[in-house]
file my_file13.csv (CSV, C-alpha atoms)
chain,number,residue,atom,x,y,z
A,988,PRO,CA,56.7,9.5,82.0
A,989,GLN,CA,60.2,8.0,81.9
A,990,VAL,CA,60.3,4.4,80.6
A,991,TYR,CA,63.1,2.1,79.5
A,992,PHE,CA,62.3,0.1,76.4
A,993,ASP,CA,64.1,-3.0,74.9
A,994,TYR,CA,63.1,-5.9,72.6
A,995,LYS,CA,64.4,-9.4,72.0
A,996,VAL,CA,63.7,-11.9,69.2
A,997,TYR,CA,63.2,-15.6,69.9
A,998,TYR,CA,61.9,-18.6,68.0
A,999,THR,CA,59.3,-21.2,68.8
A,1000,PRO,CA,60.1,-25.0,68.6
A,1001,GLU,CA,58.3,-24.8,65.3
A,1002,GLN,CA,60.9,-22.3,64.1
A,1003,LYS,CA,58.5,-19.3,64.0
A,1004,PRO,CA,59.9,-16.0,65.2
A,1005,TYR,CA,58.4,-13.9,67.9
A,1006,ILE,CA,59.3,-10.6,69.5
A,1007,GLU,CA,59.4,-9.8,73.1
A,1008,THR,CA,58.9,-6.2,74.1
A,1009,LEU,CA,60.2,-5.1,77.5
A,1010,LEU,CA,59.3,-2.0,79.5
A,1011,GLN,CA,60.5,-0.6,82.8
A,1012,PHE,CA,58.4,2.3,84.2
A,1013,SER,CA,60.3,4.8,86.4
A,1014,SER,CA,57.8,5.2,89.2
A,1015,PRO,CA,58.9,8.6,90.5
A,1016,SER,CA,58.1,10.0,87.0
A,1017,LEU,CA,54.5,8.9,87.2
A,1018,LYS,CA,51.5,10.3,89.0
A,1019,TYR,CA,49.9,8.2,91.7
A,1020,LEU,CA,46.2,8.5,92.7
A,1021,ALA,CA,44.0,6.7,95.1
A,1022,ASN,CA,42.1,3.6,93.7
A,1023,GLU,CA,38.8,2.3,95.0
A,1024,ASN,CA,40.5,0.8,98.0
A,1025,GLY,CA,42.1,4.1,98.9
A,1026,ASN,CA,45.6,2.9,97.9
A,1027,LEU,CA,47.8,4.9,95.6
A,1028,VAL,CA,48.5,3.5,92.1
A,1029,SER,CA,49.7,4.8,88.8
A,1030,ARG,CA,48.0,3.8,85.5
A,1031,VAL,CA,49.7,3.7,82.2
A,1032,GLU,CA,48.2,3.2,78.8
A,1033,ILE,CA,50.5,1.5,76.2
A,1034,THR,CA,50.0,1.4,72.5
A,1035,GLN,CA,52.4,-0.6,70.4
A,1036,ILE,CA,52.2,-0.4,66.6
A,1037,PHE,CA,54.0,-2.5,63.9
A,1038,LYS,CA,53.9,-1.3,60.3
A,1039,VAL,CA,55.3,-2.5,57.0
A,1040,ASN,CA,55.4,0.1,54.2
A,1041,ASP,CA,53.0,2.4,56.1
A,1042,SER,CA,50.5,-0.5,56.4
A,1043,ILE,CA,49.6,-1.5,60.0
A,1044,VAL,CA,50.4,-5.1,60.7
A,1045,LEU,CA,49.7,-5.2,64.4
A,1046,VAL,CA,48.3,-2.9,67.0
A,1047,ASP,CA,48.1,-3.7,70.7
A,1048,LYS,CA,46.6,-1.1,73.1
A,1049,TYR,CA,46.3,-2.0,76.8
A,1050,MET,CA,46.6,-0.7,80.4
A,1051,VAL,CA,49.3,-1.4,82.9
A,1052,ASN,CA,48.6,-0.6,86.6
A,1053,SER,CA,51.4,-0.2,89.1
A,1054,PRO,CA,51.6,-2.2,92.4
A,1055,GLU,CA,49.9,-0.3,95.2
A,1056,MET,CA,52.1,2.2,97.0
A,1057,ILE,CA,53.0,0.9,100.5
A,1058,ASP,CA,54.4,3.2,103.2
A,1059,SER,CA,55.2,5.9,100.6
A,1060,THR,CA,57.7,3.5,99.0
A,1061,ILE,CA,57.5,3.2,95.2
A,1062,GLU,CA,59.6,0.9,93.0
A,1063,ASP,CA,59.9,0.6,89.3
A,1064,TYR,CA,57.6,-1.9,87.7
A,1065,TYR,CA,57.7,-3.8,84.4
A,1066,ASP,CA,55.7,-5.0,81.4
A,1067,VAL,CA,56.5,-7.9,79.0
A,1068,LYS,CA,54.6,-8.6,75.8
A,1069,ARG,CA,55.1,-11.2,73.1
A,1070,PHE,CA,54.0,-10.9,69.5
A,1071,GLN,CA,54.4,-13.5,66.8
A,1072,LEU,CA,55.4,-11.8,63.6
A,1073,ASP,CA,56.8,-12.9,60.2
A,1074,ALA,CA,60.4,-12.2,59.5
A,1075,GLY,CA,61.0,-8.8,58.0
A,1076,MET,CA,61.7,-5.1,58.7
A,1077,TYR,CA,59.1,-3.2,60.7
A,1078,ASP,CA,58.5,0.4,61.5
A,1079,TYR,CA,57.7,0.3,65.2
A,1080,GLU,CA,56.0,3.0,67.3
A,1081,ILE,CA,55.2,3.0,71.0
A,1082,ILE,CA,53.0,5.5,72.8
A,1083,ILE,CA,52.9,5.7,76.6
A,1084,SER,CA,50.3,7.8,78.4
A,1085,ASP,CA,50.2,8.5,82.1
A,1086,VAL,CA,46.4,8.2,82.6
A,1087,ASN,CA,46.5,10.0,85.9
A,1088,ASN,CA,47.8,13.3,84.4
A,1089,ASN,CA,47.5,12.8,80.6
A,1090,GLU,CA,51.2,13.2,80.0
A,1091,ILE,CA,52.4,11.3,76.9
A,1092,VAL,CA,55.7,10.1,75.6
A,1093,SER,CA,56.3,8.3,72.3
A,1094,SER,CA,59.1,6.9,70.2
A,1095,LYS,CA,59.7,5.2,66.8
A,1096,GLN,CA,62.4,2.9,65.5
A,1097,THR,CA,63.0,0.2,62.9
A,1098,ILE,CA,62.9,-3.4,64.2
A,1099,GLU,CA,64.4,-6.3,62.2
A,1100,ILE,CA,63.1,-9.8,62.7
A,1101,LYS,CA,65.3,-12.3,61.0
A,1102,GLU,CA,64.4,-15.6,59.4
A,1103,PHE,CA,65.1,-18.8,61.4
A,1104,GLU,CA,68.6,-20.0,60.6
A,1105,LYS,CA,68.1,-23.6,59.4
A,1106,ASN,CA,71.6,-24.2,58.2
A,1107,GLU,CA,73.6,-23.5,61.4
A,1108,ILE,CA,73.4,-23.5,65.2
A,1109,SER,CA,72.0,-20.1,66.1
A,1110,PHE,CA,71.5,-17.8,69.1
A,1111,SER,CA,68.5,-15.8,70.1
A,1112,SER,CA,68.9,-12.2,71.3
A,1113,ILE,CA,70.8,-12.0,74.6
A,1114,GLY,CA,68.9,-10.5,77.5
A,1115,PHE,CA,70.2,-9.1,80.8
A,1116,ILE,CA,68.4,-10.2,84.0
A,1117,GLU,CA,67.5,-8.2,87.1
A,1118,GLU,CA,66.0,-11.2,89.0
A,1119,ILE,CA,65.3,-14.8,88.3
A,1120,SER,CA,63.7,-17.7,90.1
A,1121,LYS,CA,62.0,-21.0,89.3
A,1122,SER,CA,58.2,-20.7,88.7
A,1123,THR,CA,55.3,-22.8,87.6
A,1124,GLU,CA,53.1,-19.7,86.9
A,1125,ASN,CA,51.8,-19.0,83.4
A,1126,ASN,CA,52.5,-15.3,82.5
A,1127,ALA,CA,54.7,-13.2,80.2
A,1128,PHE,CA,57.5,-13.0,82.8
A,1129,VAL,CA,58.0,-16.8,82.9
A,1130,LYS,CA,60.1,-18.6,80.3
A,1131,ASN,CA,61.0,-22.3,80.4
A,1132,GLY,CA,60.0,-22.6,84.0
A,1133,PHE,CA,61.8,-19.5,85.3
A,1134,PHE,CA,60.4,-16.1,86.4
A,1135,ILE,CA,62.7,-13.6,84.7
A,1136,LEU,CA,62.7,-9.9,85.6
A,1137,PRO,CA,64.6,-8.1,82.7
A,1138,TYR,CA,67.4,-5.6,83.2
A,1139,LEU,CA,66.8,-3.0,80.6
A,1140,THR,CA,70.1,-1.1,80.3
A,1141,ASN,CA,73.7,-2.1,79.4
A,1142,TYR,CA,75.1,0.1,82.2
A,1143,PHE,CA,76.2,-1.8,85.3
A,1144,PRO,CA,77.0,0.5,88.3
A,1145,PRO,CA,79.6,-0.4,91.0
A,1146,ALA,CA,76.9,-2.1,93.1
A,1147,ASN,CA,76.5,-4.8,90.4
A,1148,ASP,CA,79.0,-7.5,91.0
A,1149,LYS,CA,77.8,-9.8,88.2
A,1150,ILE,CA,76.1,-9.9,84.9
A,1151,ALA,CA,73.1,-12.3,84.6
A,1152,THR,CA,72.0,-13.3,81.1
A,1153,TYR,CA,69.3,-15.3,79.4
A,1154,LEU,CA,69.4,-16.6,75.8
A,1155,GLU,CA,68.2,-19.6,73.7
A,1156,LEU,CA,70.1,-21.8,71.3
A,1157,TYR,CA,68.6,-23.5,68.3
A,1158,ASN,CA,69.6,-26.4,66.0
A,1159,THR,CA,72.1,-28.0,68.5
A,1160,GLU,CA,70.3,-31.3,68.3
A,1161,GLU,CA,70.3,-31.3,64.5
A,1162,PHE,CA,73.9,-30.4,64.0
A,1163,LEU,CA,75.5,-32.1,67.1
A,1164,GLY,CA,73.2,-35.1,67.6
A,1165,GLU,CA,70.7,-36.1,70.3
A,1166,ASN,CA,71.7,-36.0,73.9
A,1167,GLU,CA,75.2,-34.7,73.0
A,1168,LYS,CA,77.2,-32.5,75.3
A,1169,PHE,CA,78.5,-29.1,74.4
A,1170,MET,CA,80.0,-26.1,76.2
A,1171,LEU,CA,79.5,-22.4,76.2
A,1172,THR,CA,82.2,-19.9,77.3
A,1173,PHE,CA,81.4,-16.5,78.7
A,1174,GLU,CA,84.1,-13.8,78.5
A,1175,ILE,CA,84.5,-10.0,78.7
A,1176,GLU,CA,86.5,-8.1,76.1
A,1177,TYR,CA,87.6,-4.5,75.9
A,1178,PHE,CA,85.3,-2.6,73.5
A,1179,ASP,CA,88.1,-0.7,71.8
A,1180,THR,CA,90.8,-3.3,71.5
A,1181,GLY,CA,89.0,-6.7,71.6
A,1182,LEU,CA,91.5,-8.0,74.2
A,1183,LYS,CA,90.1,-10.3,76.8
A,1184,PHE,CA,89.7,-9.2,80.5
A,1185,GLU,CA,91.3,-12.4,81.9
A,1186,GLU,CA,89.6,-12.2,85.3
A,1187,ALA,CA,86.1,-12.6,83.9
A,1188,PHE,CA,85.7,-16.0,82.4
A,1189,LYS,CA,83.4,-19.0,82.9
A,1190,PHE,CA,82.1,-22.1,81.0
A,1191,GLN,CA,78.9,-24.1,81.3
A,1192,LYS,CA,78.0,-27.5,79.9
A,1193,PHE,CA,74.7,-28.2,78.2
A,1194,THR,CA,72.9,-31.1,76.4
A,1195,THR,CA,71.5,-30.7,72.9
A,1196,ALA,CA,67.8,-30.2,72.5
A,1197,ASN,CA,65.3,-28.6,70.0
A,1198,VAL,CA,65.6,-25.3,72.1
A,1199,VAL,CA,68.3,-24.9,74.8
A,1200,PRO,CA,67.6,-22.2,77.3
A,1201,VAL,CA,70.7,-20.7,78.8
A,1202,ILE,CA,70.9,-18.8,82.1
A,1203,SER,CA,74.3,-17.6,83.2
A,1204,PHE,CA,75.9,-15.4,85.9
A,1205,LEU,CA,79.3,-13.9,85.2
A,1206,SER,CA,81.3,-12.1,87.9
A,1207,ILE,CA,82.3,-8.5,87.1
A,1208,GLU,CA,83.4,-7.7,90.7
A,1209,ASN,CA,87.0,-6.9,89.6
A,1210,LEU,CA,86.1,-5.2,86.3
A,1211,PRO,CA,87.4,-1.6,86.1
A,1212,SER,CA,85.0,1.1,84.9
A,1213,GLY,CA,84.9,1.3,81.1
A,1214,GLU,CA,83.2,-0.1,77.9
A,1215,TYR,CA,83.2,-3.8,77.2
A,1216,ASN,CA,81.7,-6.5,75.1
A,1217,LEU,CA,80.1,-9.7,76.5
A,1218,VAL,CA,81.3,-12.6,74.4
A,1219,ILE,CA,79.4,-15.9,74.4
A,1220,SER,CA,80.9,-18.7,72.3
A,1221,LEU,CA,79.8,-22.3,71.7
call {"tool": "encode", "arguments": {"input": "my_file13.csv", "output": "structure tokens"}}
result
Amino acid sequence: PQVYFDYKVYYTPEQKPYIETLLQFSSPSLKYLANENGNLVSRVEITQIFKVNDSIVLVDKYMVNSPEMIDSTIEDYYDVKRFQLDAGMYDYEIIISDVNNNEIVSSKQTIEIKEFEKNEISFSSIGFIEEISKSTENNAFVKNGFFILPYLTNYFPPANDKIATYLELYNTEEFLGENEKFMLTFEIEYFDTGLKFEEAFKFQKFTTANVVPVISFLSIENLPSGEYNLVISL
């Protein structure tokens, strides 16, 4: 099984941290078998484990089924989970099993969840977006009224003419005042020199709130191939 993994850290309006784990399953790497309706699907079992000093803090084991294959066309599919955890350092392990052929892949890494910054305006993690649309549904892909399909790599091939991002801002109301206006700028800088790529720049205006969701699209149509930083400033 080939799977992209990423995680983001956000905070609730009550200033409690939570982690969002994001998975993208590469459909051609999975085995498809007929279900009870005679349609082909893949089935993946996910186990996510969070430990502190070898003590298990949280375990989540669940099944993810692919959409049914139609006309021999298979597309990647996704999983999003949210876990409320205290701030701290965690030993994280994920185990992914292709149930249809018993092939397993696993990985471990250290994950840091920081305390909520009460003394300054702060940013959540920055997430890239594959697709986004307004939604009234209640599921893990919906945040602040938007269905968000994550983009789980920092590589943007030539077909991508823009970078779409989602993040959240905290403490703007406390430090700037109620219903005050502020601005974010979005820029691209060269990774090795820190110099700005002048053709990629935009700004957006926002109003202060307890939590400010930020959705932005930045054109990279004229960006030459290379390594860059995305810079977001308030």
call {"tool": "atom_distance", "arguments": {"input": "my_file13.csv", "atom1": "CA of Phe1115 (chain A)", "atom2": "CA of Tyr998 (chain A)"}}
result
18.0 Å
call {"tool": "closest_atom_pairs", "arguments": {"input": "my_file13.csv", "of": "region 1048-1138 of chain A", "to": "region 1021-1040 of chain A", "cutoff": "7 Å", "atoms": "only C-alpha atoms", "output": "CSV"}}
result
residue,atom,partner,partner_atom,distance
A:Lys1048,CA,A:Thr1034,CA,4.3
A:Tyr1049,CA,A:Ile1033,CA,5.5
A:Met1050,CA,A:Glu1032,CA,4.5
A:Val1051,CA,A:Val1031,CA,5.2
A:Asn1052,CA,A:Arg1030,CA,4.6
A:Ser1053,CA,A:Ser1029,CA,5.3
A:Pro1054,CA,A:Val1028,CA,6.5
A:Glu1055,CA,A:Val1028,CA,5.1
A:Met1056,CA,A:Leu1027,CA,5.3
A:Tyr1077,CA,A:Val1039,CA,5.3
A:Asp1078,CA,A:Lys1038,CA,5.0
A:Tyr1079,CA,A:Phe1037,CA,4.8
A:Glu1080,CA,A:Ile1036,CA,5.1
A:Ile1081,CA,A:Gln1035,CA,4.6
A:Ile1082,CA,A:Thr1034,CA,5.1
A:Ile1083,CA,A:Ile1033,CA,4.9
A:Ser1084,CA,A:Glu1032,CA,5.1
A:Asp1085,CA,A:Val1031,CA,4.8
A:Val1086,CA,A:Arg1030,CA,5.5
A:Asn1087,CA,A:Arg1030,CA,6.4
call {"tool": "atom_distance", "arguments": {"input": "my_file13.csv", "atom1": "CA of Asp1148 (chain A)", "atom2": "CA of Ile1207 (chain A)"}}
result
5.2 Å
call {"tool": "closest_residue", "arguments": {"input": "my_file13.csv", "among": "A:Phe1103, A:Phe992, A:Phe1128, A:Phe1110", "to": "Pro1004 (chain A)", "atoms": "all atoms listed in the file"}}
result
A:Phe1103
call {"tool": "closest_residue", "arguments": {"input": "my_file13.csv", "among": "A:Arg1069, A:Glu1214, A:Phe1184, A:Thr1172", "to": "Val1129 (chain A)", "atoms": "all atoms listed in the file"}}
result
A:Arg1069
call {"tool": "residues_around", "arguments": {"input": "my_file13.csv", "residues": "Ser1013 (chain A)", "least_positions_apart": "6", "cutoff": "8 Å", "atoms": "only C-alpha atoms", "output": "list in words"}}
result
Pro988, Gln989, Val990, Tyr991, Glu1062, Asp1063 and Tyr1064 of chain A
call {"tool": "closest_residue", "arguments": {"input": "my_file13.csv", "among": "A:Leu1210, A:Ala1146, A:Val1198, A:Leu1072", "to": "Glu1185 (chain A)", "atoms": "only C-alpha atoms"}}
result
A:Leu1210
call {"tool": "closest_residue", "arguments": {"input": "my_file13.csv", "among": "A:Ile1202, A:Ile1119, A:Leu1156, A:Ile1219", "to": "Leu1136 (chain A)", "atoms": "all atoms listed in the file"}}
result
A:Ile1119
call {"tool": "closest_residue", "arguments": {"input": "my_file13.csv", "among": "A:Thr1180, A:Thr1152, A:Ser1042, A:Asn1158", "to": "Ser1203 (chain A)", "atoms": "only C-alpha atoms"}}
result
A:Thr1152
call {"tool": "closest_residue", "arguments": {"input": "my_file13.csv", "among": "A:Ser1016, A:Lys1130, A:Tyr1138, A:Ile1175", "to": "Glu1090 (chain A)", "atoms": "all atoms listed in the file"}}
result
A:Ser1016
call {"tool": "residues_around", "arguments": {"input": "my_file13.csv", "residues": "Asn1197 (chain A)", "least_positions_apart": "3", "cutoff": "10 Å", "atoms": "only C-alpha atoms", "output": "list in words"}}
result
Thr999, Pro1000, Glu1001, Gln1002, Leu1156, Tyr1157, Asn1158, Thr1159, Glu1160, Glu1161, Glu1165 and Pro1200 of chain A
call {"tool": "atom_distance", "arguments": {"input": "my_file13.csv", "atom1": "CA of Asp1179 (chain A)", "atom2": "CA of Tyr1215 (chain A)"}}
result
7.9 Å
call {"tool": "decode", "arguments": {"input": "my_file13.csv", "residues": "region 1131-1163 of chain A", "atoms": "N, CA and C atoms", "output": "mmCIF file, in the first residue's frame"}}
result
data_model
loop_
_atom_site.group_PDB
_atom_site.id
_atom_site.type_symbol
_atom_site.label_atom_id
_atom_site.label_comp_id
_atom_site.auth_asym_id
_atom_site.auth_seq_id
_atom_site.Cartn_x
_atom_site.Cartn_y
_atom_site.Cartn_z
ATOM 1 N N ASN A 1131 -15.491 24.887 9.336
ATOM 2 C CA ASN A 1131 -16.018 26.250 9.245
ATOM 3 C C ASN A 1131 -16.876 26.461 7.999
ATOM 4 N N GLY A 1132 -17.703 25.474 7.667
ATOM 5 C CA GLY A 1132 -18.639 25.610 6.561
ATOM 6 C C GLY A 1132 -18.071 25.311 5.185
ATOM 7 N N PHE A 1133 -16.859 24.735 5.131
ATOM 8 C CA PHE A 1133 -16.246 24.418 3.841
ATOM 9 C C PHE A 1133 -15.805 22.958 3.810
ATOM 10 N N PHE A 1134 -16.138 22.275 2.703
ATOM 11 C CA PHE A 1134 -15.584 20.953 2.442
ATOM 12 C C PHE A 1134 -14.171 21.151 1.910
ATOM 13 N N ILE A 1135 -13.188 20.549 2.588
ATOM 14 C CA ILE A 1135 -11.785 20.740 2.220
ATOM 15 C C ILE A 1135 -11.145 19.388 1.957
ATOM 16 N N LEU A 1136 -10.716 19.181 0.719
ATOM 17 C CA LEU A 1136 -9.960 17.984 0.367
ATOM 18 C C LEU A 1136 -8.475 18.354 0.436
ATOM 19 N N PRO A 1137 -7.698 17.700 1.310
ATOM 20 C CA PRO A 1137 -6.311 18.133 1.506
ATOM 21 C C PRO A 1137 -5.402 17.768 0.336
ATOM 22 N N TYR A 1138 -4.341 18.545 0.196
ATOM 23 C CA TYR A 1138 -3.279 18.269 -0.776
ATOM 24 C C TYR A 1138 -2.051 17.895 0.048
ATOM 25 N N LEU A 1139 -1.626 16.636 -0.017
ATOM 26 C CA LEU A 1139 -0.705 16.099 0.981
ATOM 27 C C LEU A 1139 0.741 16.005 0.517
ATOM 28 N N THR A 1140 1.171 16.943 -0.290
ATOM 29 C CA THR A 1140 2.580 17.002 -0.659
ATOM 30 C C THR A 1140 2.947 18.466 -0.874
ATOM 31 N N ASN A 1141 4.225 18.788 -0.740
ATOM 32 C CA ASN A 1141 4.660 20.163 -1.018
ATOM 33 C C ASN A 1141 5.285 20.281 -2.404
ATOM 34 N N TYR A 1142 5.025 19.276 -3.269
ATOM 35 C CA TYR A 1142 5.453 19.323 -4.663
ATOM 36 C C TYR A 1142 4.277 19.756 -5.527
ATOM 37 N N PHE A 1143 4.511 20.765 -6.369
ATOM 38 C CA PHE A 1143 3.467 21.282 -7.254
ATOM 39 C C PHE A 1143 3.947 21.151 -8.695
ATOM 40 N N PRO A 1144 3.407 20.181 -9.440
ATOM 41 C CA PRO A 1144 3.850 19.967 -10.823
ATOM 42 C C PRO A 1144 3.396 21.114 -11.730
ATOM 43 N N PRO A 1145 3.896 21.150 -12.967
ATOM 44 C CA PRO A 1145 3.557 22.253 -13.878
ATOM 45 C C PRO A 1145 2.064 22.449 -14.099
ATOM 46 N N ALA A 1146 1.272 21.391 -13.943
ATOM 47 C CA ALA A 1146 -0.176 21.528 -14.148
ATOM 48 C C ALA A 1146 -0.833 22.386 -13.071
ATOM 49 N N ASN A 1147 -0.193 22.542 -11.925
ATOM 50 C CA ASN A 1147 -0.743 23.364 -10.838
ATOM 51 C C ASN A 1147 -0.384 24.823 -11.079
ATOM 52 N N ASP A 1148 -1.384 25.656 -11.318
ATOM 53 C CA ASP A 1148 -1.114 27.074 -11.563
ATOM 54 C C ASP A 1148 -1.389 27.940 -10.329
ATOM 55 N N LYS A 1149 -1.748 27.305 -9.204
ATOM 56 C CA LYS A 1149 -1.975 28.081 -7.978
ATOM 57 C C LYS A 1149 -1.751 27.189 -6.764
ATOM 58 N N ILE A 1150 -1.486 27.844 -5.633
ATOM 59 C CA ILE A 1150 -1.390 27.172 -4.345
ATOM 60 C C ILE A 1150 -2.599 27.589 -3.527
ATOM 61 N N ALA A 1151 -3.382 26.622 -3.082
ATOM 62 C CA ALA A 1151 -4.531 26.890 -2.222
ATOM 63 C C ALA A 1151 -4.173 26.482 -0.801
ATOM 64 N N THR A 1152 -4.475 27.343 0.169
ATOM 65 C CA THR A 1152 -4.095 27.070 1.555
ATOM 66 C C THR A 1152 -5.267 27.308 2.507
ATOM 67 N N TYR A 1153 -5.219 26.573 3.638
ATOM 68 C CA TYR A 1153 -6.156 26.801 4.739
ATOM 69 C C TYR A 1153 -5.360 26.899 6.031
ATOM 70 N N LEU A 1154 -5.701 27.889 6.848
ATOM 71 C CA LEU A 1154 -5.126 28.013 8.178
ATOM 72 C C LEU A 1154 -6.109 28.755 9.067
ATOM 73 N N GLU A 1155 -5.798 28.816 10.352
ATOM 74 C CA GLU A 1155 -6.632 29.542 11.309
ATOM 75 C C GLU A 1155 -5.765 30.497 12.111
ATOM 76 N N LEU A 1156 -6.361 31.630 12.479
ATOM 77 C CA LEU A 1156 -5.686 32.628 13.316
ATOM 78 C C LEU A 1156 -6.394 32.707 14.656
ATOM 79 N N TYR A 1157 -5.595 32.903 15.704
ATOM 80 C CA TYR A 1157 -6.134 32.969 17.056
ATOM 81 C C TYR A 1157 -5.663 34.260 17.736
ATOM 82 N N ASN A 1158 -6.493 34.758 18.658
ATOM 83 C CA ASN A 1158 -6.185 35.931 19.494
ATOM 84 C C ASN A 1158 -6.248 37.264 18.749
ATOM 85 N N THR A 1159 -6.759 37.303 17.541
ATOM 86 C CA THR A 1159 -6.831 38.599 16.848
ATOM 87 C C THR A 1159 -7.774 39.559 17.574
ATOM 88 N N GLU A 1160 -8.885 39.031 18.079
ATOM 89 C CA GLU A 1160 -9.862 39.882 18.763
ATOM 90 C C GLU A 1160 -9.277 40.449 20.047
ATOM 91 N N GLU A 1161 -8.543 39.639 20.772
ATOM 92 C CA GLU A 1161 -7.988 40.082 22.055
ATOM 93 C C GLU A 1161 -6.929 41.154 21.875
ATOM 94 N N PHE A 1162 -6.099 41.015 20.836
ATOM 95 C CA PHE A 1162 -4.973 41.933 20.689
ATOM 96 C C PHE A 1162 -5.249 43.104 19.746
ATOM 97 N N LEU A 1163 -6.244 42.961 18.850
ATOM 98 C CA LEU A 1163 -6.548 44.046 17.915
ATOM 99 C C LEU A 1163 -7.887 44.710 18.206
#
